[in-house]
$ cat model.cif   # mmCIF, C-alpha atoms
data_my_file
#
loop_
_atom_site.label_atom_id
_atom_site.label_comp_id
_atom_site.auth_asym_id
_atom_site.auth_seq_id
_atom_site.Cartn_x
_atom_site.Cartn_y
_atom_site.Cartn_z
CA MET V 80 0.00 0.00 0.00
CA PHE V 81 2.78 2.45 0.84
CA ARG V 82 5.21 1.66 -1.94
CA PRO V 83 7.26 4.60 -3.28
CA ARG V 84 5.23 4.67 -6.49
CA THR V 85 1.94 5.00 -4.59
CA VAL V 86 3.33 7.85 -2.50
CA SER V 87 4.58 9.60 -5.64
CA LEU V 88 1.13 9.20 -7.25
CA PHE V 89 -0.44 10.75 -4.14
CA ILE V 90 1.94 13.74 -4.26
CA PHE V 91 1.40 14.16 -8.00
CA LEU V 92 -2.40 14.15 -7.65
CA SER V 93 -2.21 16.62 -4.75
CA ILE V 94 -0.15 19.04 -6.85
CA ILE V 95 -2.66 18.75 -9.72
CA TRP V 96 -5.57 19.38 -7.33
CA LEU V 97 -3.88 22.44 -5.83
CA LEU V 98 -3.10 23.88 -9.27
CA LEU V 99 -6.57 23.25 -10.70
CA SER V 100 -8.84 24.24 -7.84
CA GLY V 101 -7.60 27.69 -6.80
CA HIS V 102 -9.43 27.40 -3.44
CA TYR V 103 -7.11 27.45 -0.45
CA ASN V 104 -9.35 27.71 2.66
CA PRO V 105 -9.09 24.84 5.18
CA LEU V 106 -12.45 23.22 4.35
CA MET V 107 -11.69 23.01 0.64
CA LEU V 108 -8.17 21.73 1.33
CA PHE V 109 -9.71 19.01 3.50
CA PHE V 110 -12.13 17.99 0.73
CA GLY V 111 -9.26 17.96 -1.74
CA PHE V 112 -7.22 15.74 0.57
CA ILE V 113 -10.15 13.30 0.88
CA SER V 114 -10.70 13.13 -2.88
CA VAL V 115 -6.99 12.64 -3.63
CA LEU V 116 -6.87 9.89 -1.01
CA MET V 117 -9.91 8.15 -2.52
CA THR V 118 -8.49 8.41 -6.05
CA THR V 119 -5.19 6.89 -4.92
CA PHE V 120 -7.04 4.12 -3.10
CA ILE V 121 -9.14 3.27 -6.17
CA ALA V 122 -6.05 3.34 -8.41
CA VAL V 123 -4.25 0.92 -6.08
CA ARG V 124 -7.27 -1.39 -5.95
CA MET V 125 -7.45 -1.39 -9.78
CA ASP V 126 -3.74 -2.31 -9.98
CA LEU V 127 -3.04 0.79 -12.03
CA VAL V 128 -0.05 1.98 -10.03
CA ASP V 129 2.79 0.22 -11.81
CA LYS V 130 5.43 1.00 -14.40
CA GLU V 131 2.81 1.64 -17.07
CA GLY V 132 0.12 3.42 -15.10
CA HIS V 133 2.41 5.89 -13.36
CA PRO V 134 5.75 5.94 -15.22
CA VAL V 135 7.55 8.17 -12.74
CA HIS V 136 10.93 6.66 -13.64
CA LEU V 137 10.80 8.53 -16.97
CA THR V 138 10.53 12.00 -15.38
CA TRP V 139 14.04 13.13 -16.29
CA LYS V 140 14.49 11.26 -19.55
CA ILE V 141 11.25 11.95 -21.38
CA PRO V 142 11.50 15.79 -21.67
CA ILE V 143 14.76 15.39 -23.61
CA TYR V 144 13.04 12.95 -25.93
CA TRP V 145 10.06 15.29 -26.32
CA VAL V 146 12.30 18.17 -27.41
CA TRP V 147 13.85 15.95 -30.08
CA LEU V 148 10.35 14.76 -31.13
CA LEU V 149 9.13 18.37 -31.34
CA PHE V 150 11.82 19.19 -33.89
CA GLN V 151 10.93 16.10 -35.92
CA ILE V 152 7.26 17.10 -35.83
CA ILE V 153 7.99 20.67 -36.96
CA LYS V 154 10.17 19.39 -39.81
CA SER V 155 7.62 16.92 -41.14
CA ASN V 156 4.79 19.43 -40.64
CA PHE V 157 6.48 21.72 -43.15
CA GLN V 158 7.10 18.84 -45.55
CA VAL V 159 3.46 17.72 -45.47
CA SER V 160 2.11 21.28 -45.75
CA ILE V 161 4.19 21.87 -48.89
CA ARG V 162 2.70 18.71 -50.41
CA ILE V 163 -0.80 20.00 -49.67
CA ILE V 164 -0.52 23.52 -51.06
CA VAL V 165 1.22 22.78 -54.39
CA PRO V 166 -1.29 22.97 -57.27
CA LYS V 167 -0.80 19.37 -58.41
CA ILE V 168 -0.78 16.80 -55.63
CA ASN V 169 2.32 14.64 -55.92
CA ILE V 170 2.30 11.91 -53.28
CA ASP V 171 3.21 8.24 -53.26
CA PRO V 172 1.53 6.62 -50.24
CA GLU V 173 2.36 3.07 -49.21
CA MET V 174 1.97 0.60 -46.35
CA ILE V 175 5.30 -0.51 -44.87
CA LEU V 176 6.25 -2.92 -42.09
CA ILE V 177 8.71 -1.50 -39.56
CA PRO V 178 10.55 -3.98 -37.32
CA MET V 179 10.59 -3.14 -33.63
CA ASN V 180 12.90 -4.49 -30.95
CA GLN V 181 11.20 -2.95 -27.93
CA LYS V 182 10.34 -5.36 -25.11
CA SER V 183 7.98 -3.44 -22.82
CA ASP V 184 4.47 -2.36 -23.72
CA LEU V 185 5.26 1.17 -22.53
CA ASN V 186 8.05 1.55 -25.07
CA LYS V 187 5.92 0.04 -27.83
CA THR V 188 3.14 2.52 -27.07
CA ASN V 189 5.64 5.36 -26.95
CA TYR V 190 7.09 4.37 -30.30
CA ALA V 191 3.72 3.91 -32.04
CA ASN V 192 2.43 7.20 -30.65
CA SER V 193 5.56 9.02 -31.80
CA ILE V 194 5.13 7.60 -35.30
CA THR V 195 1.50 8.73 -35.40
CA LEU V 196 2.32 12.13 -33.95
CA THR V 197 4.78 12.86 -36.75
CA PRO V 198 2.68 13.91 -39.76
CA GLY V 199 3.48 11.84 -42.83
CA THR V 200 3.48 8.53 -40.97
CA VAL V 201 0.57 6.85 -39.15
CA SER V 202 0.96 3.59 -37.25
CA VAL V 203 -1.95 1.40 -38.28
CA ARG V 204 -1.43 -1.92 -36.51
CA LEU V 205 0.93 -3.53 -34.00
CA ASP V 206 1.57 -7.19 -34.77
CA ASP V 207 2.40 -9.75 -32.11
CA ASN V 208 5.73 -10.64 -33.72
CA GLY V 209 7.08 -7.16 -33.08
CA GLU V 210 6.33 -5.28 -36.27
CA ILE V 211 4.37 -2.10 -36.82
CA LEU V 212 2.29 -1.60 -39.96
CA VAL V 213 2.81 2.04 -40.93
CA HIS V 214 1.06 4.08 -43.60
CA SER V 215 3.45 6.67 -44.99
CA LEU V 216 2.51 9.60 -47.21
CA ASP V 217 5.60 9.64 -49.39
CA LYS V 218 8.89 7.85 -49.98
CA ASN V 219 11.08 10.11 -47.85
CA PHE V 220 8.90 9.68 -44.74
CA ALA V 221 9.15 5.89 -45.13
CA ASP V 222 12.93 6.05 -45.63
CA GLU V 223 13.36 8.21 -42.55
CA LEU V 224 11.44 5.68 -40.46
CA ARG V 225 13.38 2.74 -41.94
CA SER V 226 16.66 4.35 -40.92
CA GLY V 227 15.66 3.65 -37.30
CA SER V 228 16.77 6.94 -35.74
CA MET V 229 13.50 7.24 -33.81
CA GLU V 230 13.76 3.74 -32.38
CA LYS V 231 17.30 4.47 -31.21
CA LYS V 232 15.96 7.48 -29.30
CA ILE V 233 13.19 5.35 -27.77
CA SER V 234 15.77 2.80 -26.64
CA THR V 235 17.54 5.49 -24.60
CA LEU V 236 14.42 5.67 -22.39
CA GLY V 237 15.28 2.23 -21.00
CA ASN V 238 12.75 -0.55 -20.79
CA MET R 1125 -4.89 38.55 -32.39
CA PHE R 1126 -7.60 36.58 -30.54
CA LEU R 1127 -9.95 37.55 -33.35
CA LEU R 1128 -7.50 36.22 -35.95
CA SER R 1129 -7.19 32.87 -34.16
CA THR R 1130 -10.98 32.63 -33.78
CA ILE R 1131 -11.48 33.29 -37.50
CA ALA R 1132 -8.79 30.75 -38.45
CA ILE R 1133 -10.36 28.10 -36.20
CA LEU R 1134 -13.83 28.77 -37.60
CA THR R 1135 -12.49 28.50 -41.17
CA THR R 1136 -10.90 25.16 -40.30
CA ILE R 1137 -14.15 23.90 -38.78
CA GLY R 1138 -16.07 24.99 -41.88
CA LEU R 1139 -13.70 23.21 -44.27
CA ALA R 1140 -13.75 20.07 -42.10
CA LEU R 1141 -17.56 20.12 -42.11
CA ILE R 1142 -17.54 20.00 -45.91
CA ARG R 1143 -15.59 16.75 -45.67
CA ALA R 1144 -17.90 15.49 -42.92
CA ILE R 1145 -20.93 16.07 -45.14
CA SER R 1146 -19.45 14.80 -48.42
CA GLY R 1147 -17.08 12.08 -47.15
CA PRO R 1148 -17.53 8.82 -49.04
CA SER R 1149 -16.97 6.43 -46.11
CA THR R 1150 -18.08 6.56 -42.48
CA TYR R 1151 -14.47 6.86 -41.34
CA ASP R 1152 -13.90 10.02 -43.38
CA ARG R 1153 -16.78 11.58 -41.53
CA ILE R 1154 -15.46 10.50 -38.13
CA LEU R 1155 -12.02 11.86 -39.09
CA ALA R 1156 -13.53 15.23 -39.93
CA LEU R 1157 -15.57 15.14 -36.74
CA ASN R 1158 -12.44 14.41 -34.67
CA MET R 1159 -10.82 17.47 -36.23
CA VAL R 1160 -13.88 19.62 -35.48
CA GLY R 1161 -13.71 18.44 -31.87
CA THR R 1162 -10.06 19.37 -31.42
CA LYS R 1163 -10.71 22.76 -32.97
CA THR R 1164 -13.76 23.31 -30.75
CA THR R 1165 -11.49 22.94 -27.72
CA LEU R 1166 -9.29 25.70 -29.12
CA LEU R 1167 -12.32 27.78 -30.08
CA ILE R 1168 -13.62 27.70 -26.50
CA VAL R 1169 -10.23 28.89 -25.22
CA ALA R 1170 -9.95 31.62 -27.88
CA ILE R 1171 -13.48 32.90 -27.19
CA GLY R 1172 -12.67 32.91 -23.49
CA PHE R 1173 -9.72 35.19 -24.20
CA LEU R 1174 -11.73 37.31 -26.64
CA THR R 1175 -14.47 38.04 -24.12
CA ASN R 1176 -12.00 38.20 -21.20
CA ARG R 1177 -13.49 35.29 -19.24
CA PRO R 1178 -10.72 32.88 -18.18
CA ASP R 1179 -13.27 30.41 -16.73
CA PHE R 1180 -13.78 29.11 -20.25
CA VAL R 1181 -10.46 27.26 -19.96
CA ASP R 1182 -12.01 24.78 -17.51
CA ILE R 1183 -14.75 23.97 -20.01
CA ALA R 1184 -12.11 23.52 -22.73
CA MET R 1185 -10.25 21.02 -20.54
CA VAL R 1186 -13.36 18.91 -20.01
CA TYR R 1187 -14.23 19.18 -23.70
CA ALA R 1188 -10.78 17.89 -24.73
CA LEU R 1189 -11.37 14.72 -22.68
CA ILE R 1190 -14.98 14.20 -23.75
CA ASN R 1191 -14.04 14.64 -27.41
CA PHE R 1192 -11.48 11.82 -27.21
CA ILE R 1193 -13.84 9.43 -25.45
CA GLY R 1194 -16.61 10.36 -27.88
CA VAL R 1195 -14.50 9.52 -30.93
CA ILE R 1196 -13.41 6.18 -29.48
CA ALA R 1197 -17.00 5.30 -28.55
CA MET R 1198 -18.24 6.29 -32.01
CA LEU R 1199 -15.56 4.15 -33.69
CA LYS R 1200 -16.42 1.15 -31.54
CA TYR R 1201 -20.11 1.58 -32.24
CA THR R 1202 -19.68 1.83 -36.02
CA ARG R 1203 -17.44 -1.25 -35.93
CA TYR R 1204 -19.45 -3.59 -33.71
CA GLY R 1205 -22.90 -2.04 -33.51
CA GLN R 1206 -22.76 -2.45 -29.72
CA PHE R 1207 -20.69 -1.46 -26.71
CA ALA R 1208 -20.98 -4.77 -24.91
CA ASN R 1209 -17.89 -6.83 -25.81
CA SER R 1210 -14.60 -6.18 -27.51
CA LEU R 1211 -13.83 -8.62 -30.31
CA ASP R 1212 -10.74 -8.61 -32.45
CA PRO R 1213 -11.62 -6.08 -35.18
CA ASP R 1214 -9.93 -8.15 -37.91
CA ASN R 1215 -11.81 -11.39 -37.25
CA LEU R 1216 -15.33 -10.07 -37.39
CA ASN R 1217 -17.76 -12.28 -39.30
CA THR R 1218 -18.62 -10.57 -42.51
CA ASP R 1219 -22.45 -10.61 -42.47
CA ASN R 1220 -22.91 -7.56 -40.28
CA LYS R 1221 -20.30 -5.33 -41.87
CA GLU R 1222 -21.10 -1.69 -42.34
CA ASN R 1223 -20.74 0.40 -45.53
CA MET W 1076 9.17 43.00 -22.61
CA ASN W 1077 5.51 43.19 -23.48
CA TYR W 1078 6.35 43.95 -27.09
CA ILE W 1079 8.50 40.83 -27.37
CA LEU W 1080 5.71 38.69 -25.91
CA ASP W 1081 3.19 40.25 -28.30
CA ILE W 1082 5.38 39.63 -31.33
CA LEU W 1083 6.07 36.03 -30.29
CA SER W 1084 2.38 35.48 -29.67
CA TRP W 1085 1.40 36.90 -33.06
CA LEU W 1086 4.02 34.72 -34.73
CA LEU W 1087 2.82 31.54 -33.01
CA ILE W 1088 -0.84 32.27 -33.74
CA ILE W 1089 -0.14 32.98 -37.42
CA VAL W 1090 1.88 29.76 -37.74
CA GLY W 1091 -0.87 27.81 -35.96
CA SER W 1092 -3.62 29.32 -38.12
CA TYR W 1093 -1.61 28.52 -41.25
CA PHE W 1094 -1.20 24.86 -40.27
CA SER W 1095 -4.86 24.44 -39.22
CA ILE W 1096 -6.19 25.85 -42.47
CA VAL W 1097 -3.67 23.93 -44.59
CA GLY W 1098 -4.62 20.72 -42.76
CA ALA W 1099 -8.29 21.40 -43.44
CA ILE W 1100 -7.53 22.02 -47.13
CA GLY W 1101 -5.55 18.77 -47.07
CA ILE W 1102 -8.49 16.66 -45.92
CA LEU W 1103 -10.49 18.15 -48.79
CA ARG W 1104 -7.82 17.61 -51.46
CA PHE W 1105 -6.22 14.27 -50.63
CA PRO W 1106 -7.56 11.25 -52.53
CA ASP W 1107 -8.41 8.67 -49.85
CA PHE W 1108 -9.01 8.05 -46.16
CA PHE W 1109 -5.45 7.08 -45.16
CA THR W 1110 -3.80 10.09 -46.80
CA ARG W 1111 -6.39 12.36 -45.18
CA LEU W 1112 -5.20 11.07 -41.79
CA HIS W 1113 -1.85 12.77 -42.42
CA ALA W 1114 -3.53 16.07 -43.23
CA ALA W 1115 -5.59 15.83 -40.03
CA GLY W 1116 -2.33 15.20 -38.16
CA LEU W 1117 -1.14 18.62 -39.33
CA THR W 1118 -4.07 20.36 -37.62
CA ASP W 1119 -3.90 18.24 -34.51
CA THR W 1120 -0.19 18.71 -33.82
CA LEU W 1121 1.44 21.98 -34.79
CA GLY W 1122 -1.83 23.79 -35.61
CA ALA W 1123 -3.35 23.24 -32.17
CA TRP W 1124 -0.10 23.56 -30.22
CA SER W 1125 1.01 26.85 -31.78
CA ILE W 1126 -2.35 28.54 -31.24
CA LEU W 1127 -2.41 27.33 -27.62
CA CYS W 1128 1.19 28.48 -27.01
CA GLY W 1129 0.37 31.86 -28.52
CA LEU W 1130 -2.58 32.19 -26.16
CA ILE W 1131 -0.50 31.04 -23.16
CA LEU W 1132 1.92 33.93 -23.77
CA GLN W 1133 -1.00 36.37 -23.44
CA CYS W 1134 -2.10 34.99 -20.04
CA ASP W 1135 -1.63 37.00 -16.88
CA SER W 1136 -2.81 34.58 -14.17
CA PHE W 1137 -0.68 31.60 -13.16
CA LEU W 1138 -3.62 29.19 -12.74
CA THR W 1139 -4.89 29.86 -16.27
CA ILE W 1140 -1.44 29.12 -17.67
CA ILE W 1141 -1.40 25.78 -15.84
CA LYS W 1142 -4.85 24.91 -17.16
CA LEU W 1143 -3.86 25.76 -20.72
CA ILE W 1144 -0.74 23.61 -20.39
CA LEU W 1145 -2.99 20.76 -19.21
CA VAL W 1146 -5.19 21.23 -22.31
CA LEU W 1147 -1.99 21.04 -24.37
CA ILE W 1148 -0.97 17.80 -22.64
CA PHE W 1149 -4.43 16.27 -23.17
CA ILE W 1150 -4.28 17.05 -26.88
CA PHE W 1151 -0.71 15.75 -27.03
CA PHE W 1152 -1.71 12.37 -25.61
CA THR W 1153 -5.19 11.88 -27.05
CA SER W 1154 -4.73 12.96 -30.67
CA PRO W 1155 -2.28 10.20 -31.76
CA THR W 1156 -4.35 7.60 -29.91
CA GLY W 1157 -7.50 8.73 -31.69
CA THR W 1158 -5.75 8.82 -35.07
CA HIS W 1159 -4.37 5.32 -34.52
CA ALA W 1160 -7.81 4.00 -33.55
CA LEU W 1161 -9.28 5.58 -36.69
CA ALA W 1162 -6.59 4.08 -38.94
CA ARG W 1163 -7.02 0.67 -37.29
CA ALA W 1164 -10.79 0.75 -37.74
CA GLY W 1165 -10.42 1.89 -41.35
CA LEU W 1166 -8.01 -0.95 -42.17
CA ALA W 1167 -10.13 -3.53 -40.37
CA SER W 1168 -13.18 -2.59 -42.44
CA ASN W 1169 -11.26 -3.24 -45.68
CA LEU W 1170 -10.76 0.30 -46.92
CA LYS W 1171 -8.23 0.02 -49.76
CA PRO W 1172 -5.26 2.41 -49.52
CA TRP W 1173 -4.92 4.63 -52.59
CA ARG W 1174 -1.78 3.97 -54.65
CA LYS W 1175 -0.02 6.17 -57.17
CA GLN W 1176 -0.73 4.90 -60.69
#

$ encode --input "model.cif" --output "structure tokens"
Amino acid sequence: MFRPRTVSLFIFLSIIWLLLSGHYNPLMLFFGFISVLMTTFIAVRMDLVDKEGHPVHLTWKIPIYWVWLLFQIIKSNFQVSIRIIVPKINIDPEMILIPMNQKSDLNKTNYANSITLTPGTVSVRLDDNGEILVHSLDKNFADELRSGSMEKKISTLGN
Amino acid sequence: MFLLSTIAILTTIGLALIRAISGPSTYDRILALNMVGTKTTLLIVAIGFLTNRPDFVDIAMVYALINFIGVIAMLKYTRYGQFANSLDPDNLNTDNKEN
Amino acid sequence: MNYILDILSWLLIIVGSYFSIVGAIGILRFPDFFTRLHAAGLTDTLGAWSILCGLILQCDSFLTIIKLILVLIFIFFTSPTGTHALARAGLASNLKPWRKQ
């Protein structure tokens, strides 16, 4: 019940409550405490407080990854927008299979979400044998994904 | 500047609605609807700024969550015709297929 | 200081408006469902984020900034999940991807 992850979830929820409510008189703080306690209790009973449900171990690593992802997203946003506004649409969409060596479900989700978040590539299906079916808008998006630079970045998050 | 963002968001919603009305398949319509939902979240925030009422941000937060759940529920309903169980979407028997 | 914030805010809102409208034009112009997903991704990522960031820079109260950042985080997490669910459902119902002739 009092594992470090549960305590960190409790602190996290308390901070969110304090930031969202904006009421700081004792009665309201008491109600907030009760509701945070109940939420933590329900989360523990539902077995949600584990590496996937509350990935607190990523706190320092994931912002670095997000900055890198933001630059990728901006780059491919410009590439896709150019393909939309030219008078004659010149695209070559295809379905490709991307191999994936990630073990944990958290990393797989992270990888598939990153692929979808980058315009030009959408992850369509995750197969059981560790491949992602990706729909890419044009050749260069597919080639970029095949080069595996994104998966290397995901691997730095640990498993 | 708030007026510019409001106009841009409304233009986007209008163009997406054209696709929602004319889209050939059901999924095109849901795609356009998803886009309208995301833009509505932004529209609520922008109108809150335009009329100087910051309370609108709370509504936008709730709308962002409801929009996501709504799209997922709509997809599941168009796929299975029910909310009761979750089958594998690839191995659905072909008699009750939509479109 | 205020001038710099105003200019940054204008810049972000113009960029965001550009990407939203281009994404909307994209879902009208692209030939099939799967390619339209990419155009919708344009509006959902940089279009929404830039407009929100531009509005955040115009905020004066701390709590409103936090709430807007939470809206940003919700959109960041839910939009790829929704797009993936859409693509999955489209593939499962045998929509044929458009190919270049």

$ resolve_selection --input "model.cif" --expression "the PyMOL selection byres ((chain V) within 8 of (chain W))" --output "ChimeraX atom specification"
/V:98-99,101,152-153,156,159-160,163-164,168,170-173,192-193,195-204,214,216

$ closest_residue --input "model.cif" --among "R:Met1125, R:Thr1165, R:Leu1174, R:Asp1182" --to "W:Ile1140" --atoms "all atoms listed in the file"
R:Asp1182

$ residues_around --input "model.cif" --residues "R:Ile1133" --least-positions-apart "4" --cutoff "9 Å" --atoms "all atoms listed in the file" --output "list in words"
Leu1128, Ser1129, Ile1137, Gly1138, Lys1163, Thr1164, Leu1166 and Leu1167 of chain R; Ser1092, Ser1095 and Ile1096 of chain W

$ resolve_selection --input "model.cif" --expression "the PyMOL selection byres ((chain W and resi 1080) around 12)" --output "VMD selection string"
chain W and resid 1076 to 1079 1081 to 1087 1128 to 1135

$ atom_distance --input "model.cif" --atom1 "atom CA of R:Ser1149" --atom2 "atom CA of R:Thr1202"
11.4 Å

$ decode --input "model.cif" --residues "stretch 1094-1104 of chain W" --atoms "all heavy atoms" --output "mmCIF file, in the first residue's frame"
data_model
loop_
_atom_site.group_PDB
_atom_site.id
_atom_site.type_symbol
_atom_site.label_atom_id
_atom_site.label_comp_id
_atom_site.auth_asym_id
_atom_site.auth_seq_id
_atom_site.Cartn_x
_atom_site.Cartn_y
_atom_site.Cartn_z
ATOM 1 N N PHE W 1094 -1.189 26.318 -40.239
ATOM 2 C CA PHE W 1094 -1.201 24.856 -40.271
ATOM 3 C C PHE W 1094 -2.611 24.301 -40.132
ATOM 4 O O PHE W 1094 -2.939 23.291 -40.749
ATOM 5 C CB PHE W 1094 -0.273 24.281 -39.206
ATOM 6 C CG PHE W 1094 1.153 24.269 -39.638
ATOM 7 C CD1 PHE W 1094 2.095 25.032 -38.984
ATOM 8 C CD2 PHE W 1094 1.549 23.518 -40.714
ATOM 9 C CE1 PHE W 1094 3.414 25.034 -39.401
ATOM 10 C CE2 PHE W 1094 2.862 23.515 -41.136
ATOM 11 C CZ PHE W 1094 3.788 24.279 -40.479
ATOM 12 N N SER W 1095 -3.482 24.959 -39.317
ATOM 13 C CA SER W 1095 -4.858 24.442 -39.217
ATOM 14 C C SER W 1095 -5.551 24.519 -40.555
ATOM 15 O O SER W 1095 -6.190 23.561 -40.994
ATOM 16 C CB SER W 1095 -5.702 25.230 -38.226
ATOM 17 O OG SER W 1095 -5.018 25.595 -37.145
ATOM 18 N N ILE W 1096 -5.440 25.702 -41.232
ATOM 19 C CA ILE W 1096 -6.195 25.854 -42.468
ATOM 20 C C ILE W 1096 -5.621 24.950 -43.549
ATOM 21 O O ILE W 1096 -6.371 24.328 -44.311
ATOM 22 C CB ILE W 1096 -6.213 27.338 -42.884
ATOM 23 C CG1 ILE W 1096 -6.993 28.133 -41.842
ATOM 24 C CG2 ILE W 1096 -6.843 27.512 -44.237
ATOM 25 C CD1 ILE W 1096 -7.006 29.602 -42.059
ATOM 26 N N VAL W 1097 -4.272 24.824 -43.593
ATOM 27 C CA VAL W 1097 -3.668 23.932 -44.588
ATOM 28 C C VAL W 1097 -4.100 22.487 -44.337
ATOM 29 O O VAL W 1097 -4.408 21.747 -45.280
ATOM 30 C CB VAL W 1097 -2.138 24.085 -44.583
ATOM 31 C CG1 VAL W 1097 -1.485 22.947 -45.323
ATOM 32 C CG2 VAL W 1097 -1.751 25.381 -45.243
ATOM 33 N N GLY W 1098 -4.155 22.075 -43.061
ATOM 34 C CA GLY W 1098 -4.618 20.719 -42.763
ATOM 35 C C GLY W 1098 -6.049 20.503 -43.214
ATOM 36 O O GLY W 1098 -6.388 19.449 -43.760
ATOM 37 N N ALA W 1099 -6.898 21.527 -43.016
ATOM 38 C CA ALA W 1099 -8.293 21.396 -43.445
ATOM 39 C C ALA W 1099 -8.388 21.321 -44.963
ATOM 40 O O ALA W 1099 -9.192 20.560 -45.512
ATOM 41 C CB ALA W 1099 -9.107 22.570 -42.918
ATOM 42 N N ILE W 1100 -7.550 22.123 -45.664
ATOM 43 C CA ILE W 1100 -7.530 22.022 -47.126
ATOM 44 C C ILE W 1100 -7.055 20.631 -47.530
ATOM 45 O O ILE W 1100 -7.564 20.031 -48.472
ATOM 46 C CB ILE W 1100 -6.615 23.119 -47.720
ATOM 47 C CG1 ILE W 1100 -7.213 24.488 -47.454
ATOM 48 C CG2 ILE W 1100 -6.458 22.946 -49.219
ATOM 49 C CD1 ILE W 1100 -6.284 25.620 -47.793
ATOM 50 N N GLY W 1101 -6.073 20.099 -46.769
ATOM 51 C CA GLY W 1101 -5.553 18.767 -47.071
ATOM 52 C C GLY W 1101 -6.609 17.695 -47.002
ATOM 53 O O GLY W 1101 -6.668 16.835 -47.882
ATOM 54 N N ILE W 1102 -7.483 17.736 -45.971
ATOM 55 C CA ILE W 1102 -8.486 16.663 -45.921
ATOM 56 C C ILE W 1102 -9.526 16.835 -47.019
ATOM 57 O O ILE W 1102 -10.244 15.905 -47.334
ATOM 58 C CB ILE W 1102 -9.168 16.482 -44.545
ATOM 59 C CG1 ILE W 1102 -10.090 17.627 -44.214
ATOM 60 C CG2 ILE W 1102 -8.212 16.251 -43.457
ATOM 61 C CD1 ILE W 1102 -10.996 17.255 -43.064
ATOM 62 N N LEU W 1103 -9.600 18.022 -47.629
ATOM 63 C CA LEU W 1103 -10.487 18.146 -48.794
ATOM 64 C C LEU W 1103 -9.807 17.684 -50.076
ATOM 65 O O LEU W 1103 -10.449 17.153 -50.972
ATOM 66 C CB LEU W 1103 -10.940 19.604 -48.959
ATOM 67 C CG LEU W 1103 -11.928 20.100 -47.924
ATOM 68 C CD1 LEU W 1103 -12.283 21.544 -48.192
ATOM 69 C CD2 LEU W 1103 -13.176 19.256 -47.966
ATOM 70 N N ARG W 1104 -8.473 17.868 -50.191
ATOM 71 C CA ARG W 1104 -7.815 17.610 -51.461
ATOM 72 C C ARG W 1104 -7.274 16.198 -51.603
ATOM 73 O O ARG W 1104 -7.150 15.704 -52.717
ATOM 74 C CB ARG W 1104 -6.642 18.594 -51.641
ATOM 75 C CG ARG W 1104 -7.072 19.987 -51.967
ATOM 76 C CD ARG W 1104 -5.900 20.815 -52.413
ATOM 77 N NE ARG W 1104 -5.467 20.452 -53.758
ATOM 78 C CZ ARG W 1104 -4.295 20.809 -54.276
ATOM 79 N NH1 ARG W 1104 -3.464 21.532 -53.567
ATOM 80 N NH2 ARG W 1104 -3.963 20.454 -55.490
#
